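Peer 1: Questions regarding the structure given below will be posed in turn.
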Amino acid sequence: MKEPKRLFDCIQYHLERKPLEDMLVGKESGQWRKYSTAEVKTIVDNLSAGLLSLGISCGDMTPEGRDKVAILCKNRPEWIMVDMAVQQIGAMLVPVYPTINVNELEFVLKDAQVKFAFVNDEDLFLKVLSLKEKVPSLKNIFAFEHVANAKHWKEVTALSTPQLIEQVKPISDKIDYEDLATIIYTSGTTGTPKGVMLSHRNILSNVLSCIPCFPPVDDLRALSFLPLNHIFERMVTYQYLFKGTSIYYAESLDTIADNLKEVNPNIFTTVPRLLEKVYDRIMQKGNELTGTKKKLFFWAHSLAEKFEINKNQGFWYNLQLNIANKLIFSKWREGLGGNLKCIVTGGAACQVRLIRIFTAARIPIMEGYGLTETSPVISVNRYQESGRKFGTSGPLIDGVQVKIAEDGEILCKGPNVMMGYYKRPDLTALDIIDGWFHTGDIGDLTADNFLKITDRKKELFKTSGGKYVAPLPIENKLKESPFVEQVMLVGAERKFVSALIVPSFPNLRDWARKNGVADSSSEELIRNPKVIELFKELVESFNKFFNHVEQVKKFELLIHEWSVDTGELTPKMSLKRKVVIEKFRDAIERIYA
C-alpha cells in the first residue's frame with residue numbers, strides 16, 4: 001500500500017503489514033475483549049454499510065452538505081470504529097464531551113445539523129433524547145450499552161449486506177487527503193462553542209510528524225483514558241494505529257490505577273492535573289512510611305529534585321540515583337504498571353518540578369503543546385533525551401513553522417492548521433491571517449527550536465498600577481507546595497495581586513495532627529489561625545521567586561475543589577477563570593475590602 005492519505009487507511013495499512021490480535025481492547029462484563037485488525041475492518045465496513053442503508057451520505061461533499069453524526073461516549077473500541085465507519089462514507093463525525101451541559105449540547109446539535117447520535121449509556125441517551133423535539137435534524141439515537149427504549153448500535157451493523165458493502169469502496173476512494181475529516185467543537189474557556197474543521201491532511205500530517213518523536217519500538221501497548229472527543233487523544237490514537245500500537249481503554253478515570261496494573265502499558269497520554277494527582281498519591285504513601293523506609297523515600301525524592309536532563313552530574317550523584325532507582329523509584333514504576341517507556345502530557349502547562357522528579361525516576365515525561373485548531377501538536381519533547389528540555393514544550397515537529405509576534409504571541413503555519421471554523425468565516429479571518437494561525441498563547445522560541453509557553457494572552461491581566469502580570473508561572477510555582485491543591489491569581493485592575501487557594505486537605509490534616517491543631521471540619525480548619533499562618537509563610541516563601549508586582553499580597557482559602565462537574569474546569573481540566581471570579585466574588589471582595 002502506498003503512503004496513507006486518509007485517517008481510516010490505518011486498517012488496510014496494517015492488514016498489509018502486520019495485523020494485530022489486539023488492535024482495540026475494552027472491558028466487557030468485567031473481562032478484556034480484544035478486537036483484531038481483521039475484526040475491526042469487518043465491523044467498520046458493516047457499520048458503514050448500515051449507515052448508508054439508513055440514508056447517511058457524503059451529500060455534495062461540501063462541509064455543509066455532508067451528513068453529521070454525533071458521538072457522546074466514554075473511550076471504548078466502538079468509539080473509533082464509529083469514527084472510521086463514518087469517515088469512509090464521507091459523512092462527518094462530531095464528537096461531543098459527555099459532560100457537556102444541555103444548552104451547549106443543543107447549540108452543537110443544531111449548529112452541525114446532526115442526523116444521528118451514538119451514545120454510551122442510559123444517562124447520555126436521555127440527555128440527547130431530551131433535545132429531540134428542539135433539534136429537527138436529529139433522526140436516530142443509538143446506544144452502545146443496552147438501554148430501555150433505545151436502539152442498540154448493533155442494529156446498524158445488522159442492516160449491512162454484501163451489496164451495500166460493495167458501495168462503500170467507491171465512496172471511500174473518492175475521499176481525498178485535503179477533504180474534511182471531522183468537526184470538533186471547542187468548549188474553550190469563553191463564549192459559545194466553535195466548530196473547528198479538520199481535514200485528513202491536518203490530522204494525518206500531525207500523526208506522521210509525531211511518530212518519530214515517540215519510542216522507536218514496535219509492539220507497544222497503550223492505555224487510553226483522556227477523552228477521545230478531544231483532538232489530543234484522537235490524534236495520538238491514529239498515531240498508535242499507524243504505528244501498530246495496541247490500544248487498551250481504561251474503564252473510567254476512577255479505575256486507572258487498577259487498569260494500569262492489568263494492562264502494563266508502555267505509554268499513555270495525560271493532562272498535568274492527573275499527573276499531579278498521581279504524584280500526590282505517591283507522596284501520601286511516602287508520608288505514611290516510618291523509620292528508615294521513610295528516610296530513604298525522602299532521600300530519593302530530594303535526589304530527584306536535583307536532577308538535570310542532558311547533564312552528567314558526576315559519579316557520586318549517578319551512583320546515589322541508581323541506588324534510589326533500585327530501592328524507591330522501582331516501586332513508583334510498578335504502581336504505573338511496571339512497563340512504562342514514557343508518559344505524554346499536554347492540554348496545559350505541567351509543573352517543571354514534577355517532570356524533573358518523574359524523569360529522575362526513569363519515567364520520561366514528553367510534554368507537548370498545541371491546540372484543536374492545529375490538529376493539535378506544534379511542538380513536543382522527544383522520547384530521545386537529547387530532544388527534551390525542562391521548562392519547554394519541546395522542539396517544533398517537522399513541517400510546522402512558528403514565529404513570535406511583536407506582542408509575544410505564538411503564530412503557527414503548516415499542514416496542521418485547520419481549514420477554518422464551521423460556518424464562521426468571520427472568526428476564521430480573525431484567527432488566521434496570511435496563513436498564520438494566532439494561538440492566543442505567549443511564548444519564546446529558542447535558537448535550537450525549543451518552544452517555551454509563558455502564558456495565555458487572554459489570561460494576562462493588568463493591575464491598577466498599569467503593570468502586566470502573567471498568572472500561570474506563579475500559579476504553577478505555588479502548586480509545588482504539598483499544601484496547595486489548586487490556586488488562581490486575581491488582580492485585574494486592582495492595587496495588588498492576590499490568590500484564591502484550595503488547600504490539599506489530606507496533607508493539611510496530616511500537618512494539623514502533628515502541630516496540635518484539633519481535628520475539625522474543612523470549614524473550621526481554614527479559619528484556624530495556625531493554618532492561616534502556615535499559608536502566609538508558604539506564600540511568602542514563594543514570593544521571593546517573583547518581582548514585586550507579581551508577588552501575592554493576600555489570599556483566601558476555599559474548601560471545595562474545582563472540577564468539571566461543578567463548572568470551574570473545562571473538560572480538559574483548564575481553569576475557567578471567569579467562572580471562578582463570578583462564583584467566588586465574595587471571597588475576592590473580602591481580600592480587597
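Please note that chains go A, B, ... in the order of the C-alpha cells, that every chain numbers its residues from 1, and that ligands are numbered from 1 in the order shown.
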Mind listing the strand (DSSP E or B) residues of region 456-576 of chain A, per DSSP on the backbone, as a list of chain:residue names?

Peer 2: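 The strand (DSSP E or B) residues within region 456-576 of chain A come out as A:Arg456, A:Phe461, A:Lys462, A:Tyr468, A:Val469, A:Val484, A:Glu485, A:Gln486, A:Val487, A:Met488, A:Leu489, A:Val490, A:Val497, A:Ser498, A:Ala499, A:Leu500, A:Ile501, A:Val502, A:Pro503, A:Val552, A:Lys553, A:Lys554, A:Phe555, A:Glu556, A:Leu557, A:Leu569, A:Leu575.
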
Peer 1: Tell me which of A:Trp32, A:Phe232, A:Ile165, A:Asn140 sits closest to Glu262 (chain A), counting only C-alpha atoms.

Peer 2: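 Distance minimum relative to Glu262 (chain A) lands on A:Trp32.
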
Peer 1: Between A:Val579, A:Val552, A:Cys213, A:Ile267, which residue has the minimum interatomic distance to Val344 (chain A), considering only C-alpha atoms?

Peer 2: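 So, comparing all the options, the nearest one is A:Ile267.
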
Peer 1: Using only C-alpha atoms, which protein or nucleic acid residues come within 9 Å of region 106-109 of chain A? Drop anything in the same chain fewer than 5 positions from it, and give the result as an MDAnalysis selection string.

Peer 2: chainID A and resid 70 94 96 101 114:115 128 131 134:135 137:138 185 192:195

Peer 1: From the options A:Phe584, A:Phe268, A:Tyr468, A:Trp511, which residue's atoms come nearest to His548 (chain A), counting only C-alpha atoms?

Peer 2: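 With only C-alpha atoms as the atom set, the closest residue is A:Tyr468.
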
Peer 1: Using only C-alpha atoms, which of the listed residues (A:Ala593, A:Val86, A:Ala349, A:Ala91) sits closest to Leu275 (chain A)?

Peer 2: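 Going through A:Ala593, A:Val86, A:Ala349, A:Ala91 one by one, the smallest distance to Leu275 (chain A) is for A:Ala349.
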